[in-house]
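Student: Can you read through this structure? Questions will come right after.
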Amino acid sequence: MRLSPIALALAGAFALAACQPAAEAPAPAPAPAPAPAVAPPAPPAVSQADETKQRLEAVLAGDHRKAEDRARDQYRHPVETLSFFGIKPDSVVIEITPGGGWYTDVLAPFLRAHGQYVGAIWDSTQPNQPEYYAKLNAALTERVSAAPDVYGKANLLSFNAAAPTFGEPNSADFVLTFRNVHNWVPAGTAPAYFKAFFDALKPGGVLGVVDHRAKGDAPTDGSTGYVTEQQVIDLATAAGFTLAERSEINANPKDTTDHPKGVWTLPPTLALGDVDKDKYTAIGESDRMTLKFVKPAAQATPPAPPAQ
């Protein structure tokens, strides 16, 4: 049978196609690389101020504190006050006349691991000292020495109230005094105390003062327990300090400062006993100034002129 030209062409095409090698299958796509592991976000950095606050709050919650001392936290604001002054765990801090040790129970444990607490106590061996000086000193010394795990190497340093000095010059980062200036004013020793604070502090060191605040700027004689902010500022600046900042942390606007037995009419003393007790309890503790002073940093010695 004779094929037509078209059939012959088709048959040739089919034969040619049959002779071609089979097309290779495409290579499989490479597996995707595993996604890099995502590191967990770094915890937020804790600021020095936050660390100080956390440490102080932990101390305040400690079992070593007495219930009556805890009750005064609402008036004395220890976390806010010490944070305002700027203390750090590695500071050297001198507290002036800690008395019953209210702030000793806060400061000494806070400084135990890395800093140094110095409680400047009256030298009760000096003549004509009040009897309560010796009693307070003995009680505080016993408490601190009996619990080194709480107070660490707290140092109780005796000083002569008539001619105060507080350790080596330029040795402390902070000097703190709570409700003491009103005692020194009538005794005539306030200038000597402020000069001793200045000497004890390092250049750039801080003096922190809290005291019962009288109204106005006119100086008082301290007999009612109140002194003015301006009195304290004048005493500090006369000794060489610079006023850095003031705070209303310990303010109490309910305190008129005009009471029958002075500041001692108010809690915690309540000098009138049950007379108007509810009235004075409702007022609370006194209106207090909170002042931060700085000892100016030492000036650099100018270079010597070149030799001629």
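Naming works like this for the structure tokens: A, B, ... for the chains as they're shown, residue 1 at the start of each chain, ligands 1 onward in shown order.
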Determine, using only C-alpha atoms, which residues of range 170-280 of chain A have any atom at most 6 Å from an atom of range 83-98 of chain A, and tabulate each with its shortest atom pair and distance in Å to one decimal place, rows ordered by chain and then rising number, as a Markdown table.

Tutor:
| residue | atom | partner | partner_atom | distance |
| --- | --- | --- | --- | --- |
| A:Ala172 | CA | A:Val92 | CA | 5.2 |
| A:Asp173 | CA | A:Val92 | CA | 5.2 |
| A:Phe174 | CA | A:Val93 | CA | 4.8 |
| A:Val175 | CA | A:Ile94 | CA | 4.8 |
| A:Leu176 | CA | A:Glu95 | CA | 4.9 |
| A:Thr177 | CA | A:Ile96 | CA | 5.2 |

Student: What are the DSSP helix (DSSP H, G or I) residues of range 155-283 of chain A, as a count of residues only?

Tutor: 39

Student: Which neighbours of range 276-289 of chain A fall inside 7 Å, counting only C-alpha atoms, when residues of the same chain fewer than 3 positions from it are skipped, and could you give them as a list of chain:residue names?

Tutor: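 Final neighbour list, sorted by chain and number: A:Tyr75, A:Val210, A:Asp211, A:His212, A:Arg213, A:Glu229, A:Glu248, A:Asn250, A:Ala251, A:Asn252, A:Pro253, A:Lys254, A:Asp255, A:Val263, A:Leu266, A:Pro267, A:Pro268, A:Gly273.
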
Student: Which one is closest to Arg72 in chain A: A:Tyr103, A:Tyr117, A:Asp217, A:Ser223? Count only C-alpha atoms.

Tutor: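 Of A:Tyr103, A:Tyr117, A:Asp217, A:Ser223, the one nearest Arg72 in chain A, counting only C-alpha atoms, is A:Tyr103.
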
Student: May I have the residues within 10 Å of Gly216 in chain A as a ChimeraX atom specification, using only C-alpha atoms and disregarding those fewer than 2 positions away in the same chain?

Tutor: /A:213-214,218-220,227-230

Student: Quick one: write out the picked residues with C-alpha atoms as a PDB file, in the first residue's frame?

Tutor:
ATOM      1  CA  ARG A 213       9.855  72.521 111.071  1.00  0.00           C
ATOM      2  CA  ALA A 214       8.766  75.825 112.615  1.00  0.00           C
ATOM      3  CA  ALA A 218      12.623  83.792 112.031  1.00  0.00           C
ATOM      4  CA  PRO A 219      15.065  81.745 114.148  1.00  0.00           C
ATOM      5  CA  THR A 220      13.669  79.889 117.164  1.00  0.00           C
ATOM      6  CA  VAL A 227      13.437  75.117 114.204  1.00  0.00           C
ATOM      7  CA  THR A 228      13.043  76.827 110.850  1.00  0.00           C
ATOM      8  CA  GLU A 229      14.387  75.615 107.540  1.00  0.00           C
ATOM      9  CA  GLN A 230      16.296  78.869 107.219  1.00  0.00           C
TER      10      GLN A 230
END

Student: Determine, counting only C-alpha atoms, which protein, DNA and RNA residues have an atom within 9 Å of an atom of Ala163 in chain A; residues of the same chain fewer than 2 positions away are not included. Present the result as a ChimeraX atom specification.

Tutor: /A:159-161,165,189,192-193,196

Student: For the selection you just gave me, I'd like the residues written to a file as an mmCIF file, in the first residue's frame, keeping all heavy atoms.

Tutor:
data_model
loop_
_atom_site.group_PDB
_atom_site.id
_atom_site.type_symbol
_atom_site.label_atom_id
_atom_site.label_comp_id
_atom_site.auth_asym_id
_atom_site.auth_seq_id
_atom_site.Cartn_x
_atom_site.Cartn_y
_atom_site.Cartn_z
ATOM 1 N N PHE A 159 31.414 60.102 120.831
ATOM 2 C CA PHE A 159 31.948 61.447 120.602
ATOM 3 C C PHE A 159 31.569 62.340 121.781
ATOM 4 O O PHE A 159 30.596 62.094 122.485
ATOM 5 C CB PHE A 159 31.411 62.038 119.291
ATOM 6 C CG PHE A 159 29.954 62.422 119.329
ATOM 7 C CD1 PHE A 159 29.565 63.717 119.653
ATOM 8 C CD2 PHE A 159 28.966 61.480 119.072
ATOM 9 C CE1 PHE A 159 28.219 64.068 119.699
ATOM 10 C CE2 PHE A 159 27.624 61.824 119.107
ATOM 11 C CZ PHE A 159 27.248 63.122 119.427
ATOM 12 N N ASN A 160 32.363 63.382 121.958
ATOM 13 C CA ASN A 160 32.140 64.353 123.018
ATOM 14 C C ASN A 160 31.139 65.395 122.522
ATOM 15 O O ASN A 160 31.414 66.121 121.565
ATOM 16 C CB ASN A 160 33.474 65.012 123.394
ATOM 17 C CG ASN A 160 33.335 66.001 124.539
ATOM 18 O OD1 ASN A 160 32.231 66.363 124.947
ATOM 19 N ND2 ASN A 160 34.463 66.458 125.055
ATOM 20 N N ALA A 161 29.974 65.464 123.152
ATOM 21 C CA ALA A 161 28.926 66.381 122.697
ATOM 22 C C ALA A 161 29.350 67.842 122.784
ATOM 23 O O ALA A 161 28.817 68.682 122.053
ATOM 24 C CB ALA A 161 27.660 66.156 123.515
ATOM 25 N N THR A 165 33.504 65.357 117.096
ATOM 26 C CA THR A 165 34.232 64.935 115.903
ATOM 27 C C THR A 165 33.690 63.560 115.530
ATOM 28 O O THR A 165 33.269 62.800 116.403
ATOM 29 C CB THR A 165 35.751 64.849 116.118
ATOM 30 O OG1 THR A 165 36.024 63.941 117.196
ATOM 31 C CG2 THR A 165 36.345 66.204 116.452
ATOM 32 N N THR A 189 25.569 74.402 120.602
ATOM 33 C CA THR A 189 26.603 73.573 119.971
ATOM 34 C C THR A 189 26.345 73.316 118.486
ATOM 35 O O THR A 189 27.142 72.640 117.831
ATOM 36 C CB THR A 189 26.698 72.217 120.691
ATOM 37 O OG1 THR A 189 25.396 71.604 120.708
ATOM 38 C CG2 THR A 189 27.194 72.378 122.117
ATOM 39 N N ALA A 192 29.217 73.858 115.975
ATOM 40 C CA ALA A 192 30.295 72.876 116.111
ATOM 41 C C ALA A 192 29.918 71.553 115.457
ATOM 42 O O ALA A 192 30.755 70.890 114.829
ATOM 43 C CB ALA A 192 30.619 72.656 117.593
ATOM 44 N N TYR A 193 28.645 71.164 115.580
ATOM 45 C CA TYR A 193 28.200 69.930 114.937
ATOM 46 C C TYR A 193 28.312 70.035 113.413
ATOM 47 O O TYR A 193 28.828 69.120 112.753
ATOM 48 C CB TYR A 193 26.753 69.622 115.328
ATOM 49 C CG TYR A 193 26.615 68.827 116.607
ATOM 50 C CD1 TYR A 193 26.501 69.465 117.845
ATOM 51 C CD2 TYR A 193 26.586 67.438 116.591
ATOM 52 C CE1 TYR A 193 26.358 68.743 119.020
ATOM 53 C CE2 TYR A 193 26.451 66.699 117.758
ATOM 54 C CZ TYR A 193 26.342 67.360 118.967
ATOM 55 O OH TYR A 193 26.205 66.628 120.132
ATOM 56 N N ALA A 196 31.778 69.758 112.256
ATOM 57 C CA ALA A 196 32.264 68.383 112.363
ATOM 58 C C ALA A 196 31.707 67.511 111.232
ATOM 59 O O ALA A 196 32.394 66.624 110.728
ATOM 60 C CB ALA A 196 31.892 67.796 113.723
#

Student: Could you go through range 5-236 of chain A and tell me which residues DSSP, when run on the backbone, assigns to strand (DSSP E or B), listing them as a PyMOL selection string?

Tutor: chain A and resi 92-96+116-122+155-159+172-178+201-213+227

Student: What would the file look like if the residues just selected were written as a compact mmCIF listing (two decimals), in the first residue's frame with N, CA and C atoms?

Tutor:
# COMPACT_ATOMS: atom_id res chain seq x y z
N VAL A 92 29.50 54.68 102.86
CA VAL A 92 29.91 54.85 104.27
C VAL A 92 29.00 55.93 104.85
N VAL A 93 28.18 55.55 105.82
CA VAL A 93 27.15 56.43 106.36
C VAL A 93 27.34 56.62 107.85
N ILE A 94 27.40 57.87 108.28
CA ILE A 94 27.43 58.19 109.71
C ILE A 94 26.06 58.72 110.10
N GLU A 95 25.42 58.05 111.05
CA GLU A 95 24.17 58.57 111.60
C GLU A 95 24.47 59.22 112.94
N ILE A 96 24.01 60.44 113.12
CA ILE A 96 24.31 61.19 114.34
C ILE A 96 23.27 60.87 115.41
N GLN A 116 29.30 50.60 105.06
CA GLN A 116 29.67 50.73 106.46
C GLN A 116 28.72 51.68 107.17
N TYR A 117 28.12 51.17 108.25
CA TYR A 117 27.27 52.01 109.10
C TYR A 117 28.05 52.42 110.32
N VAL A 118 28.04 53.73 110.61
CA VAL A 118 28.66 54.27 111.82
C VAL A 118 27.57 55.01 112.59
N GLY A 119 27.30 54.56 113.79
CA GLY A 119 26.36 55.25 114.65
C GLY A 119 27.13 56.10 115.64
N ALA A 120 27.03 57.42 115.52
CA ALA A 120 27.76 58.32 116.40
C ALA A 120 26.96 58.51 117.68
N ILE A 121 27.43 57.91 118.78
CA ILE A 121 26.70 57.94 120.04
C ILE A 121 27.43 58.84 121.05
N TRP A 122 26.66 59.39 121.99
CA TRP A 122 27.25 60.27 122.99
C TRP A 122 28.28 59.52 123.83
N ASN A 155 29.51 50.06 113.37
CA ASN A 155 30.45 50.69 114.29
C ASN A 155 29.74 51.77 115.09
N LEU A 156 29.74 51.64 116.41
CA LEU A 156 29.17 52.67 117.28
C LEU A 156 30.32 53.50 117.82
N LEU A 157 30.38 54.74 117.38
CA LEU A 157 31.51 55.64 117.64
C LEU A 157 31.12 56.68 118.68
N SER A 158 31.81 56.70 119.82
CA SER A 158 31.52 57.68 120.86
C SER A 158 32.14 59.03 120.51
N PHE A 159 31.41 60.10 120.83
CA PHE A 159 31.95 61.45 120.60
C PHE A 159 31.57 62.34 121.78
N ALA A 172 33.63 59.87 105.08
CA ALA A 172 32.24 59.41 104.93
C ALA A 172 31.62 59.90 103.64
N ASP A 173 30.73 59.07 103.10
CA ASP A 173 29.95 59.48 101.93
C ASP A 173 28.71 60.27 102.34
N PHE A 174 28.15 59.92 103.51
CA PHE A 174 26.93 60.56 104.00
C PHE A 174 27.02 60.77 105.50
N VAL A 175 26.52 61.91 105.94
CA VAL A 175 26.21 62.14 107.35
C VAL A 175 24.71 62.43 107.41
N LEU A 176 24.01 61.69 108.25
CA LEU A 176 22.56 61.84 108.36
C LEU A 176 22.19 62.18 109.80
N THR A 177 21.31 63.15 109.96
CA THR A 177 20.83 63.50 111.29
C THR A 177 19.31 63.68 111.26
N PHE A 178 18.65 62.95 112.14
CA PHE A 178 17.19 62.93 112.19
C PHE A 178 16.72 63.53 113.51
N LEU A 201 32.97 64.43 106.11
CA LEU A 201 32.53 64.03 104.77
C LEU A 201 33.65 64.15 103.73
N LYS A 202 33.61 63.25 102.76
CA LYS A 202 34.48 63.38 101.60
C LYS A 202 34.03 64.58 100.76
N PRO A 203 34.91 65.17 99.97
CA PRO A 203 34.44 66.17 99.00
C PRO A 203 33.36 65.57 98.10
N GLY A 204 32.26 66.27 97.96
CA GLY A 204 31.12 65.74 97.22
C GLY A 204 30.17 64.93 98.08
N GLY A 205 30.51 64.73 99.36
CA GLY A 205 29.65 63.98 100.27
C GLY A 205 28.39 64.74 100.63
N VAL A 206 27.42 64.00 101.16
CA VAL A 206 26.08 64.54 101.39
C VAL A 206 25.77 64.58 102.89
N LEU A 207 25.23 65.72 103.31
CA LEU A 207 24.64 65.87 104.64
C LEU A 207 23.13 65.87 104.48
N GLY A 208 22.45 64.92 105.13
CA GLY A 208 21.00 64.86 105.09
C GLY A 208 20.43 65.24 106.45
N VAL A 209 19.48 66.17 106.46
CA VAL A 209 18.90 66.69 107.70
C VAL A 209 17.39 66.55 107.65
N VAL A 210 16.83 65.95 108.69
CA VAL A 210 15.38 65.94 108.90
C VAL A 210 15.15 66.51 110.29
N ASP A 211 14.23 67.48 110.40
CA ASP A 211 13.91 68.02 111.73
C ASP A 211 12.52 68.63 111.73
N HIS A 212 12.00 68.83 112.96
CA HIS A 212 10.69 69.44 113.14
C HIS A 212 10.74 70.88 112.63
N ARG A 213 9.78 71.25 111.79
CA ARG A 213 9.85 72.52 111.07
C ARG A 213 8.94 73.57 111.69
N VAL A 227 12.52 74.11 114.74
CA VAL A 227 13.44 75.12 114.20
C VAL A 227 13.01 75.38 112.76
